[in-house]
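What follows is the content of input12.cif, which has mmCIF, C-alpha atoms:
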data_query
#
loop_
_atom_site.label_atom_id
_atom_site.label_comp_id
_atom_site.auth_asym_id
_atom_site.auth_seq_id
_atom_site.Cartn_x
_atom_site.Cartn_y
_atom_site.Cartn_z
CA MET T 1 173.15 103.16 117.02
CA PRO T 2 169.73 101.79 116.04
CA GLN T 3 169.51 98.06 115.34
CA THR T 4 168.61 97.35 111.71
CA ILE T 5 166.47 94.31 110.95
CA ALA T 6 166.13 92.64 107.57
CA ILE T 7 162.40 92.39 106.88
CA ILE T 8 161.01 89.61 104.67
CA GLU T 9 157.34 90.42 104.20
CA GLY T 10 156.50 87.00 102.83
CA ASP T 11 153.89 85.65 100.43
CA GLY T 12 150.11 85.48 100.72
CA ILE T 13 149.07 87.08 104.00
CA GLY T 14 152.70 87.91 104.78
CA PRO T 15 152.62 91.62 103.90
CA GLU T 16 149.42 92.13 105.90
CA ILE T 17 150.67 90.55 109.11
CA MET T 18 154.08 92.17 108.69
CA ASP T 19 152.46 95.61 108.47
CA ALA T 20 150.54 94.84 111.67
CA THR T 21 153.67 93.64 113.44
CA LEU T 22 155.78 96.65 112.46
CA LYS T 23 152.98 98.96 113.61
CA VAL T 24 153.18 97.40 117.08
CA LEU T 25 156.99 97.50 117.12
CA ASP T 26 156.90 101.17 116.17
CA ALA T 27 154.41 101.85 118.98
CA LEU T 28 156.89 100.30 121.41
CA ASP T 29 159.54 102.81 120.28
CA CYS T 30 162.24 100.15 120.09
CA GLY T 31 164.65 102.26 118.06
CA LEU T 32 164.66 99.74 115.22
CA ASP T 33 165.37 100.41 111.55
CA TYR T 34 164.03 98.15 108.81
CA ASP T 35 165.67 96.93 105.63
CA VAL T 36 162.91 95.35 103.52
CA ILE T 37 164.37 92.59 101.36
CA GLU T 38 163.00 90.23 98.72
CA ALA T 39 162.33 86.51 99.04
CA GLY T 40 159.65 84.08 97.97
CA LEU T 41 157.37 84.07 94.95
CA GLY T 42 157.80 87.78 94.21
CA ALA T 43 161.57 87.38 94.16
CA LEU T 44 161.28 84.33 91.94
CA GLU T 45 159.18 86.22 89.40
CA LYS T 46 161.45 89.28 89.43
CA HIS T 47 164.91 87.72 89.82
CA GLY T 48 164.48 84.05 88.89
CA THR T 49 165.43 82.90 92.40
CA LEU T 50 163.55 82.51 95.66
CA ILE T 51 166.31 84.19 97.68
CA PRO T 52 168.41 86.78 95.80
CA GLN T 53 172.01 87.21 96.86
CA ALA T 54 171.27 90.79 97.92
CA SER T 55 168.78 89.48 100.46
CA LEU T 56 171.29 87.00 101.86
CA ASP T 57 173.85 89.80 102.08
CA SER T 58 171.40 91.98 104.03
CA ILE T 59 170.72 89.26 106.60
CA ALA T 60 174.46 88.64 106.92
CA GLU T 61 175.14 92.34 107.40
CA HIS T 62 172.49 92.92 110.05
CA GLY T 63 172.64 89.46 111.64
CA LEU T 64 168.91 89.60 112.21
CA ALA T 65 165.73 89.08 110.20
CA LEU T 66 161.99 89.04 110.82
CA LYS T 67 160.24 86.83 108.28
CA GLY T 68 156.66 86.41 107.17
CA PRO T 69 155.46 83.10 105.69
CA LEU T 70 157.05 82.14 102.38
CA THR T 71 155.72 79.81 99.69
CA THR T 72 158.02 77.26 98.09
CA PRO T 73 156.66 76.15 94.68
CA VAL T 74 155.62 72.51 94.79
CA GLY T 75 156.87 69.97 92.28
CA LYS T 76 159.19 72.31 90.37
CA GLY T 77 162.56 71.30 91.77
CA PHE T 78 162.73 74.06 94.39
CA SER T 79 164.01 73.24 97.86
CA SER T 80 162.39 74.75 100.96
CA ILE T 81 163.30 78.41 101.45
CA ASN T 82 163.38 77.91 105.20
CA VAL T 83 165.80 75.01 104.90
CA GLN T 84 168.00 77.06 102.55
CA LEU T 85 168.18 79.91 105.06
CA ARG T 86 168.99 77.57 107.93
CA ARG T 87 171.76 75.91 105.97
CA HIS T 88 173.23 79.14 104.62
CA PHE T 89 173.48 80.84 108.02
CA ASP T 90 173.99 77.65 110.10
CA LEU T 91 170.89 78.45 112.18
CA TYR T 92 171.21 75.34 114.29
CA ALA T 93 168.59 76.09 116.97
CA ASN T 94 164.88 76.22 116.16
CA VAL T 95 163.02 77.55 119.20
CA ARG T 96 159.23 77.23 119.33
CA PRO T 97 157.34 78.54 122.40
CA ALA T 98 153.78 77.32 122.98
CA ILE T 99 151.84 79.61 125.33
CA SER T 100 148.11 79.65 125.97
CA PHE T 101 146.17 82.83 125.22
CA PRO T 102 142.51 83.57 125.91
CA GLY T 103 140.01 83.12 123.10
CA THR T 104 141.86 80.32 121.31
CA ARG T 105 140.11 77.04 120.58
CA SER T 106 142.15 74.49 122.50
CA ARG T 107 141.75 71.71 125.01
CA TYR T 108 144.00 73.49 127.54
CA ASP T 109 144.17 77.07 128.75
CA ASP T 110 147.38 77.15 130.80
CA ILE T 111 150.19 75.83 128.60
CA ASP T 112 153.65 77.41 128.74
CA LEU T 113 156.43 75.31 127.22
CA ILE T 114 159.25 75.59 124.69
CA THR T 115 160.49 73.12 122.07
CA VAL T 116 164.14 73.43 121.05
CA ARG T 117 164.81 71.55 117.81
CA GLU T 118 168.13 70.80 116.14
CA ASN T 119 167.98 72.47 112.74
CA THR T 120 170.97 71.45 110.64
CA GLU T 121 171.38 67.68 110.63
CA GLY T 122 169.38 64.49 111.14
CA ALA T 123 166.54 63.20 108.96
CA TYR T 124 165.85 66.43 107.08
CA MET T 125 169.46 66.60 105.95
CA ALA T 126 169.53 62.92 105.03
CA GLU T 127 172.57 61.89 103.03
CA GLY T 128 172.87 59.36 100.25
CA GLN T 129 169.20 59.43 99.35
CA SER T 130 168.44 56.97 96.58
CA VAL T 131 165.63 54.89 95.11
CA SER T 132 166.35 51.58 93.41
CA GLU T 133 165.82 51.29 89.67
CA ASP T 134 162.73 49.14 90.18
CA GLY T 135 161.25 51.71 92.56
CA GLU T 136 160.91 49.14 95.32
CA THR T 137 163.52 50.37 97.78
CA ALA T 138 164.41 53.82 99.09
CA VAL T 139 167.48 54.52 101.23
CA ALA T 140 168.65 57.56 103.19
CA SER T 141 171.37 57.93 105.82
CA ILE T 142 170.72 60.04 108.93
CA ARG T 143 173.78 61.85 110.22
CA THR T 144 174.03 62.99 113.84
CA THR T 145 177.23 64.56 115.20
CA ARG T 146 178.53 65.14 118.69
CA LYS T 147 179.05 68.81 117.84
CA GLY T 148 175.49 69.25 116.56
CA SER T 149 174.00 67.44 119.54
CA GLU T 150 176.13 69.29 122.07
CA ARG T 151 175.34 72.77 120.82
CA ILE T 152 171.57 72.21 120.60
CA VAL T 153 171.32 70.67 124.06
CA ARG T 154 173.50 73.40 125.53
CA HIS T 155 171.33 76.00 123.83
CA ALA T 156 168.25 74.45 125.45
CA PHE T 157 169.80 74.52 128.92
CA GLU T 158 171.10 78.05 128.51
CA LEU T 159 167.66 79.15 127.33
CA ALA T 160 166.07 77.44 130.32
CA ARG T 161 168.48 79.21 132.66
CA ALA T 162 167.90 82.62 131.01
CA LYS T 163 164.12 82.27 131.14
CA GLY T 164 163.98 80.84 134.65
CA ARG T 165 162.76 77.42 133.51
CA LYS T 166 163.10 74.48 135.86
CA LYS T 167 163.33 71.38 133.65
CA VAL T 168 164.74 70.22 130.31
CA THR T 169 163.43 67.02 128.70
CA ALA T 170 165.56 65.34 126.02
CA VAL T 171 163.32 63.44 123.60
CA HIS T 172 164.90 60.56 121.67
CA LYS T 173 164.49 57.06 120.21
CA ALA T 174 167.75 55.62 121.49
CA ASN T 175 166.08 52.35 122.49
CA ILE T 176 165.70 51.50 118.78
CA ILE T 177 167.93 53.90 116.81
CA LYS T 178 170.94 53.19 119.00
CA SER T 179 173.50 54.96 116.80
CA SER T 180 172.24 58.44 115.88
CA SER T 181 169.59 58.85 118.57
CA GLY T 182 171.85 57.10 121.07
CA LEU T 183 174.63 59.62 120.43
CA PHE T 184 172.20 62.52 120.94
CA LEU T 185 171.04 61.08 124.26
CA ASP T 186 174.58 60.38 125.47
CA VAL T 187 175.57 63.98 124.73
CA ALA T 188 172.42 65.33 126.40
CA ARG T 189 173.29 63.45 129.59
CA GLU T 190 176.81 64.90 129.53
CA VAL T 191 175.65 68.50 128.97
CA ALA T 192 173.01 68.23 131.68
CA LYS T 193 175.77 67.81 134.27
CA ASP T 194 176.86 71.41 133.59
CA PHE T 195 173.46 72.69 134.72
CA PRO T 196 172.83 71.03 138.09
CA GLU T 197 170.18 73.57 139.08
CA ILE T 198 167.93 72.48 136.17
CA GLU T 199 166.11 69.16 136.36
CA PHE T 200 166.99 66.82 133.48
CA GLN T 201 164.56 64.26 132.09
CA GLU T 202 164.83 61.92 129.14
CA MET T 203 161.83 60.49 127.30
CA ILE T 204 161.28 58.24 124.28
CA VAL T 205 159.52 60.16 121.51
CA ASP T 206 156.39 58.02 121.24
CA ASN T 207 155.81 58.29 124.98
CA ALA T 208 156.50 62.03 124.81
CA CYS T 209 153.72 62.44 122.24
CA MET T 210 151.27 60.59 124.47
CA GLN T 211 152.35 62.50 127.58
CA LEU T 212 152.01 65.86 125.81
CA VAL T 213 148.40 65.05 124.99
CA MET T 214 147.54 63.60 128.41
CA ASN T 215 149.54 65.86 130.74
CA PRO T 216 151.44 68.64 128.97
CA HIS T 217 152.02 70.51 132.24
CA GLN T 218 154.83 68.14 133.19
CA PHE T 219 157.00 69.67 130.43
CA ASP T 220 158.93 72.93 130.53
CA VAL T 221 161.68 72.91 127.86
CA ILE T 222 161.89 70.06 125.34
CA VAL T 223 165.08 69.50 123.34
CA THR T 224 165.27 67.02 120.50
CA THR T 225 166.54 66.22 117.02
CA ASN T 226 165.32 67.64 113.71
CA LEU T 227 162.51 65.29 112.69
CA PHE T 228 161.17 64.71 116.21
CA GLY T 229 161.32 68.44 116.88
CA ASP T 230 159.28 69.26 113.78
CA ILE T 231 156.54 66.86 114.87
CA LEU T 232 156.54 67.77 118.56
CA SER T 233 156.58 71.53 118.01
CA ASP T 234 153.45 71.29 115.85
CA LEU T 235 151.83 69.05 118.44
CA CYS T 236 152.61 71.70 121.07
CA ALA T 237 151.13 74.39 118.81
CA GLY T 238 147.96 72.31 118.74
CA LEU T 239 147.83 72.48 122.53
CA VAL T 240 147.46 76.28 122.35
CA GLY T 241 145.04 76.60 119.44
CA GLY T 242 147.17 75.98 116.36
CA LEU T 243 149.88 77.59 114.27
CA GLY T 244 148.15 80.98 114.34
CA MET T 245 149.64 81.45 117.81
CA ALA T 246 152.98 79.75 117.13
CA PRO T 247 156.16 81.84 116.76
CA GLY T 248 159.52 80.43 115.76
CA ALA T 249 163.15 81.49 116.09
CA ASN T 250 166.09 80.12 114.09
CA ILE T 251 169.31 80.99 115.87
CA GLY T 252 172.97 80.57 115.00
CA LYS T 253 176.27 82.12 116.04
CA GLN T 254 176.25 84.85 113.39
CA ALA T 255 172.57 85.40 112.61
CA ALA T 256 169.02 84.83 113.82
CA ILE T 257 165.76 84.73 111.88
CA PHE T 258 162.42 85.10 113.68
CA GLU T 259 159.28 83.97 111.91
CA ALA T 260 155.64 83.01 111.89
CA VAL T 261 155.73 79.25 111.36
CA HIS T 262 152.32 78.98 109.68
CA GLY T 263 151.81 79.01 105.93
CA SER T 264 151.11 81.91 103.61
CA ALA T 265 147.34 81.21 103.49
CA PRO T 266 146.74 82.47 99.93
CA ASP T 267 143.03 81.69 100.27
CA ILE T 268 142.55 84.61 102.68
CA ALA T 269 145.26 86.94 101.37
CA GLY T 270 144.00 90.46 100.74
CA ARG T 271 140.80 89.98 102.73
CA GLY T 272 142.12 91.74 105.83
CA VAL T 273 141.28 88.92 108.24
CA ALA T 274 144.72 87.37 108.82
CA ASN T 275 145.72 86.88 112.45
CA PRO T 276 149.13 88.57 113.07
CA CYS T 277 149.77 86.97 116.48
CA ALA T 278 152.32 84.35 115.40
CA LEU T 279 154.53 86.99 113.78
CA LEU T 280 153.99 89.38 116.70
CA LEU T 281 155.03 86.68 119.14
CA ALA T 282 158.09 86.01 116.96
CA ALA T 283 158.88 89.72 117.20
CA ALA T 284 158.58 89.44 120.99
CA GLU T 285 161.12 86.61 120.92
CA MET T 286 163.35 88.81 118.76
CA LEU T 287 163.17 91.61 121.34
CA ASP T 288 164.15 89.13 124.06
CA TYR T 289 167.12 88.15 121.88
CA LEU T 290 168.07 91.84 121.62
CA ASP T 291 167.96 92.19 125.43
CA MET T 292 164.74 94.21 125.22
CA LYS T 293 162.90 91.70 127.37
CA ASP T 294 160.59 94.31 128.87
CA LYS T 295 159.35 95.27 125.40
CA GLY T 296 158.94 91.62 124.39
CA THR T 297 156.86 91.09 127.52
CA ARG T 298 154.74 94.13 126.67
CA ILE T 299 153.78 92.54 123.33
CA ARG T 300 152.68 89.32 125.03
CA VAL T 301 150.76 91.24 127.70
CA ALA T 302 149.10 93.41 125.04
CA ILE T 303 147.96 90.36 123.06
CA ARG T 304 146.45 88.85 126.19
CA LYS T 305 144.77 92.12 127.14
CA VAL T 306 143.23 92.71 123.72
CA LEU T 307 142.00 89.12 123.48
CA GLU T 308 140.37 89.47 126.90
CA THR T 309 138.85 92.94 126.58
CA SER T 310 138.43 93.86 122.91
CA ARG T 311 136.91 90.84 121.24
CA GLU T 312 135.21 92.89 118.54
CA GLN T 313 138.61 94.10 117.30
CA VAL T 314 140.33 90.72 116.93
CA THR T 315 140.28 88.55 113.82
CA PRO T 316 137.55 85.95 113.16
CA ASP T 317 139.80 82.92 113.75
CA LEU T 318 140.04 84.06 117.38
CA GLY T 319 136.31 84.53 117.72
CA GLY T 320 136.22 88.24 116.94
CA SER T 321 134.59 90.35 114.25
CA GLY T 322 137.54 92.61 113.51
CA THR T 323 140.23 92.80 110.86
CA THR T 324 143.99 92.56 110.78
CA GLU T 325 144.09 96.35 110.89
CA THR T 326 141.72 96.77 113.85
CA PHE T 327 143.63 94.06 115.74
CA ALA T 328 146.93 95.82 115.04
CA ASN T 329 145.53 99.19 116.11
CA ALA T 330 144.24 97.74 119.36
CA LEU T 331 147.59 96.08 120.06
CA ALA T 332 149.56 99.22 119.21
CA ALA T 333 147.44 101.15 121.72
CA ALA T 334 147.76 98.40 124.34
CA VAL T 335 151.57 98.26 124.28
CA LYS T 336 151.65 101.96 125.19
CA ASP T 337 149.59 101.45 128.37
#
Please re-express this file's structure in structure tokens.
Amino acid sequence: MPQTIAIIEGDGIGPEIMDATLKVLDALDCGLDYDVIEAGLGALEKHGTLIPQASLDSIAEHGLALKGPLTTPVGKGFSSINVQLRRHFDLYANVRPAISFPGTRSRYDDIDLITVRENTEGAYMAEGQSVSEDGETAVASIRTTRKGSERIVRHAFELARAKGRKKVTAVHKANIIKSSSGLFLDVAREVAKDFPEIEFQEMIVDNACMQLVMNPHQFDVIVTTNLFGDILSDLCAGLVGGLGMAPGANIGKQAAIFEAVHGSAPDIAGRGVANPCALLLAAAEMLDYLDMKDKGTRIRVAIRKVLETSREQVTPDLGGSGTTETFANALAAAVKD
């Protein structure tokens, strides 16, 4: 039976880059069906909620979603849609590849690394947040569990094994935050023993940031906690030209959501110049997840080929003079070669 995917088009440029991505997926003849569901500003206007229950039910039914960028209203009491989805489906692993492609404006041209970030606890799920009555003191408690640490580190090692990676680096701050970060590091050391064929390295987060800038080639797979992972994954995206080339995957036991991690870019929405690569690369990760690795590879190869040989068809942010549509057409043709 065909695999059905819940499709969240997103806000701003979301519908444009989703159309481009589905055009390429259709050209690959993956045998996928799409269930387009509502979320974001359109859903809020129509249903009074950013994520209607019917949309949550669709993701639960299919166990899989491809998501464009969503806008969370600022200063109106709304919590992040992405955080809501991660909590609701217990999507504990956030996986962010950073791979160099030709034509991007970056300091390096040969980066290939993956950040694996814990998604469900730590600083972004801080408990007991409070501000004193005089506004002088703010307090929040960071909660790290053995279970949460074990499953994210194991996911990183299993991913490294599946993708033929040679090294996993656990990034921490256990020298100062001896409780929560110390527990994460202790668990990482224990899990590493189950994967003797993969080199294990541990690195303090501030040093990791410096090393990523100075010599990123020493890294292969990075695994870390929620806050550090958010920072490091964006740093890694900067190594390959920015968030326009940065896919993301949020993976749990019962569901997985693949996404472009950049914003909805309302300033260029409707102008036909949005770069679809981040969402396309997320779709490639989704195909890997579905054991269609050859098709995922064909997307990555097609992006590289078009960027190298068809500059006039790519979007302006990548140095071309084309549109989202011409880029998608070129990619759809390239995946068939």
_Atom-to-atom span, atom CA of Pro247 of chain T and atom CA of Arg143 of chain T, Å_ = 27.4 Å
*Given the file above and the PyMOL selection byres ((chain T and resi 219) around 8), which residues are selected, and can you give them as JSON, numbers by chain?*
{"T": [113, 167, 168, 169, 212, 216, 217, 218, 220, 221, 222]}
Dump of C-alpha atoms for the selected residues, as a PDB file, in the coordinates of the input:
ATOM      1  CA  LEU T 113     156.430  75.310 127.220  1.00  0.00           C
ATOM      2  CA  LYS T 167     163.330  71.380 133.650  1.00  0.00           C
ATOM      3  CA  VAL T 168     164.740  70.220 130.310  1.00  0.00           C
ATOM      4  CA  THR T 169     163.430  67.020 128.700  1.00  0.00           C
ATOM      5  CA  LEU T 212     152.010  65.860 125.810  1.00  0.00           C
ATOM      6  CA  PRO T 216     151.440  68.640 128.970  1.00  0.00           C
ATOM      7  CA  HIS T 217     152.020  70.510 132.240  1.00  0.00           C
ATOM      8  CA  GLN T 218     154.830  68.140 133.190  1.00  0.00           C
ATOM      9  CA  ASP T 220     158.930  72.930 130.530  1.00  0.00           C
ATOM     10  CA  VAL T 221     161.680  72.910 127.860  1.00  0.00           C
ATOM     11  CA  ILE T 222     161.890  70.060 125.340  1.00  0.00           C
TER      12      ILE T 222
END
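Selection by the PyMOL selection byres ((chain T and resi 181-191) around 9) on the present file picks out Thr144, Thr145, Arg146, Gly148, Ser149, Glu150, Val153, Arg154, Phe157, Ala170, Val171, His172, Lys173, Ala174, Asn175, Ile176, Ile177, Lys178, Ser179, Ser180, Ala192, Lys193, Asp194, Phe195, Phe200, Glu202, Val223, Thr224 and Thr225 of chain T.
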_Can you spell out as a list of chain:residue names the set of residues that the PyMOL selection byres ((chain T and resi 305) around 10) selects in the structure I just provided?_
T:Phe101, T:Pro102, T:Ile299, T:Arg300, T:Val301, T:Ala302, T:Ile303, T:Arg304, T:Val306, T:Leu307, T:Glu308, T:Thr309, T:Ser310, T:Arg311, T:Ala330, T:Leu331, T:Ala334, T:Val335
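Note that the spacing between atom CA of Val261 of chain T and atom CA of Ala246 of chain T amounts to 6.4 Å.
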*Quick one: of T:Arg151, T:Arg107, T:Lys23, T:Lys163, who's nearest to Cys236 of chain T, counting all atoms listed in the file?*
T:Arg107
*Tell me which protein, DNA and RNA residues are within 12 Å of Gly238 of chain T, counting only C-alpha atoms, leaving out same-chain ones fewer than 5 positions away, and put them as number ranges by chain.*
T: 97-100, 104-109, 111, 209, 212-213, 216, 231-233, 243-246
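In this model, the gap between atom CA of His88 of chain T and atom CA of Thr120 of chain T comes to 10.0 Å.
Considering the residues T:Thr297, T:Ala160, T:Glu118, T:Ile59 and counting only C-alpha atoms, Ile198 of chain T has its shortest atom-to-atom contact with T:Ala160.
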Place all heavy atoms on segment 204-215 of chain T and deliver the coordinates as a short mmCIF file (atom, residue, chain, number, x, y, z; two decimals), keeping the file's coordinate frame.
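Listed below is the output, result31.cif:
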data_model
loop_
_atom_site.label_atom_id
_atom_site.label_comp_id
_atom_site.auth_asym_id
_atom_site.auth_seq_id
_atom_site.Cartn_x
_atom_site.Cartn_y
_atom_site.Cartn_z
N ILE T 204 161.39 58.79 125.63
CA ILE T 204 161.28 58.24 124.28
C ILE T 204 160.18 58.99 123.53
O ILE T 204 159.14 59.32 124.10
CB ILE T 204 161.00 56.73 124.35
CG1 ILE T 204 162.19 56.02 125.01
CG2 ILE T 204 160.74 56.15 122.97
CD1 ILE T 204 161.95 54.55 125.33
N VAL T 205 160.38 59.24 122.25
CA VAL T 205 159.52 60.16 121.51
C VAL T 205 158.06 59.73 121.46
O VAL T 205 157.15 60.57 121.56
CB VAL T 205 160.08 60.40 120.09
CG1 VAL T 205 160.09 59.11 119.26
CG2 VAL T 205 159.32 61.51 119.38
N ASP T 206 157.78 58.44 121.30
CA ASP T 206 156.39 58.02 121.24
C ASP T 206 155.68 58.26 122.57
O ASP T 206 154.53 58.71 122.61
CB ASP T 206 156.25 56.57 120.77
CG ASP T 206 157.30 55.65 121.33
OD1 ASP T 206 158.40 56.12 121.66
OD2 ASP T 206 157.04 54.44 121.44
N ASN T 207 156.38 57.99 123.66
CA ASN T 207 155.81 58.29 124.98
C ASN T 207 155.64 59.78 125.18
O ASN T 207 154.64 60.24 125.75
CB ASN T 207 156.71 57.71 126.08
CG ASN T 207 156.14 57.92 127.46
OD1 ASN T 207 154.93 57.83 127.68
ND2 ASN T 207 157.00 58.21 128.41
N ALA T 208 156.60 60.57 124.68
CA ALA T 208 156.50 62.03 124.81
C ALA T 208 155.25 62.56 124.12
O ALA T 208 154.57 63.46 124.64
CB ALA T 208 157.75 62.70 124.25
N CYS T 209 154.93 62.01 122.94
CA CYS T 209 153.72 62.44 122.24
C CYS T 209 152.48 62.14 123.07
O CYS T 209 151.58 63.00 123.20
CB CYS T 209 153.62 61.74 120.88
SG CYS T 209 154.84 62.27 119.67
N MET T 210 152.42 60.95 123.64
CA MET T 210 151.27 60.59 124.47
C MET T 210 151.20 61.48 125.71
O MET T 210 150.13 61.99 126.08
CB MET T 210 151.36 59.13 124.89
CG MET T 210 150.18 58.67 125.76
SD MET T 210 150.30 56.95 126.27
CE MET T 210 151.66 57.03 127.46
N GLN T 211 152.33 61.70 126.36
CA GLN T 211 152.35 62.50 127.58
C GLN T 211 151.97 63.95 127.31
O GLN T 211 151.32 64.60 128.14
CB GLN T 211 153.74 62.43 128.24
CG GLN T 211 154.13 61.05 128.75
CD GLN T 211 153.23 60.57 129.87
OE1 GLN T 211 152.67 61.36 130.62
NE2 GLN T 211 153.09 59.25 129.99
N LEU T 212 152.37 64.49 126.15
CA LEU T 212 152.01 65.86 125.81
C LEU T 212 150.50 66.02 125.66
O LEU T 212 149.94 67.06 126.01
CB LEU T 212 152.71 66.29 124.51
CG LEU T 212 154.14 66.79 124.66
CD1 LEU T 212 154.85 66.82 123.31
CD2 LEU T 212 154.16 68.18 125.30
N VAL T 213 149.85 65.00 125.15
CA VAL T 213 148.40 65.05 124.99
C VAL T 213 147.70 64.85 126.34
O VAL T 213 146.72 65.54 126.65
CB VAL T 213 147.93 63.99 123.98
CG1 VAL T 213 146.40 63.90 123.95
CG2 VAL T 213 148.47 64.31 122.59
N MET T 214 148.21 63.94 127.16
CA MET T 214 147.54 63.60 128.41
C MET T 214 147.85 64.59 129.54
O MET T 214 146.96 64.97 130.30
CB MET T 214 147.94 62.18 128.85
CG MET T 214 147.46 61.10 127.90
SD MET T 214 147.98 59.45 128.44
CE MET T 214 147.09 59.30 129.98
N ASN T 215 149.14 64.99 129.63
CA ASN T 215 149.54 65.86 130.74
C ASN T 215 150.68 66.77 130.30
O ASN T 215 151.83 66.58 130.69
CB ASN T 215 149.97 65.02 131.96
CG ASN T 215 150.42 65.88 133.12
OD1 ASN T 215 150.05 67.05 133.21
ND2 ASN T 215 151.22 65.31 134.00
#
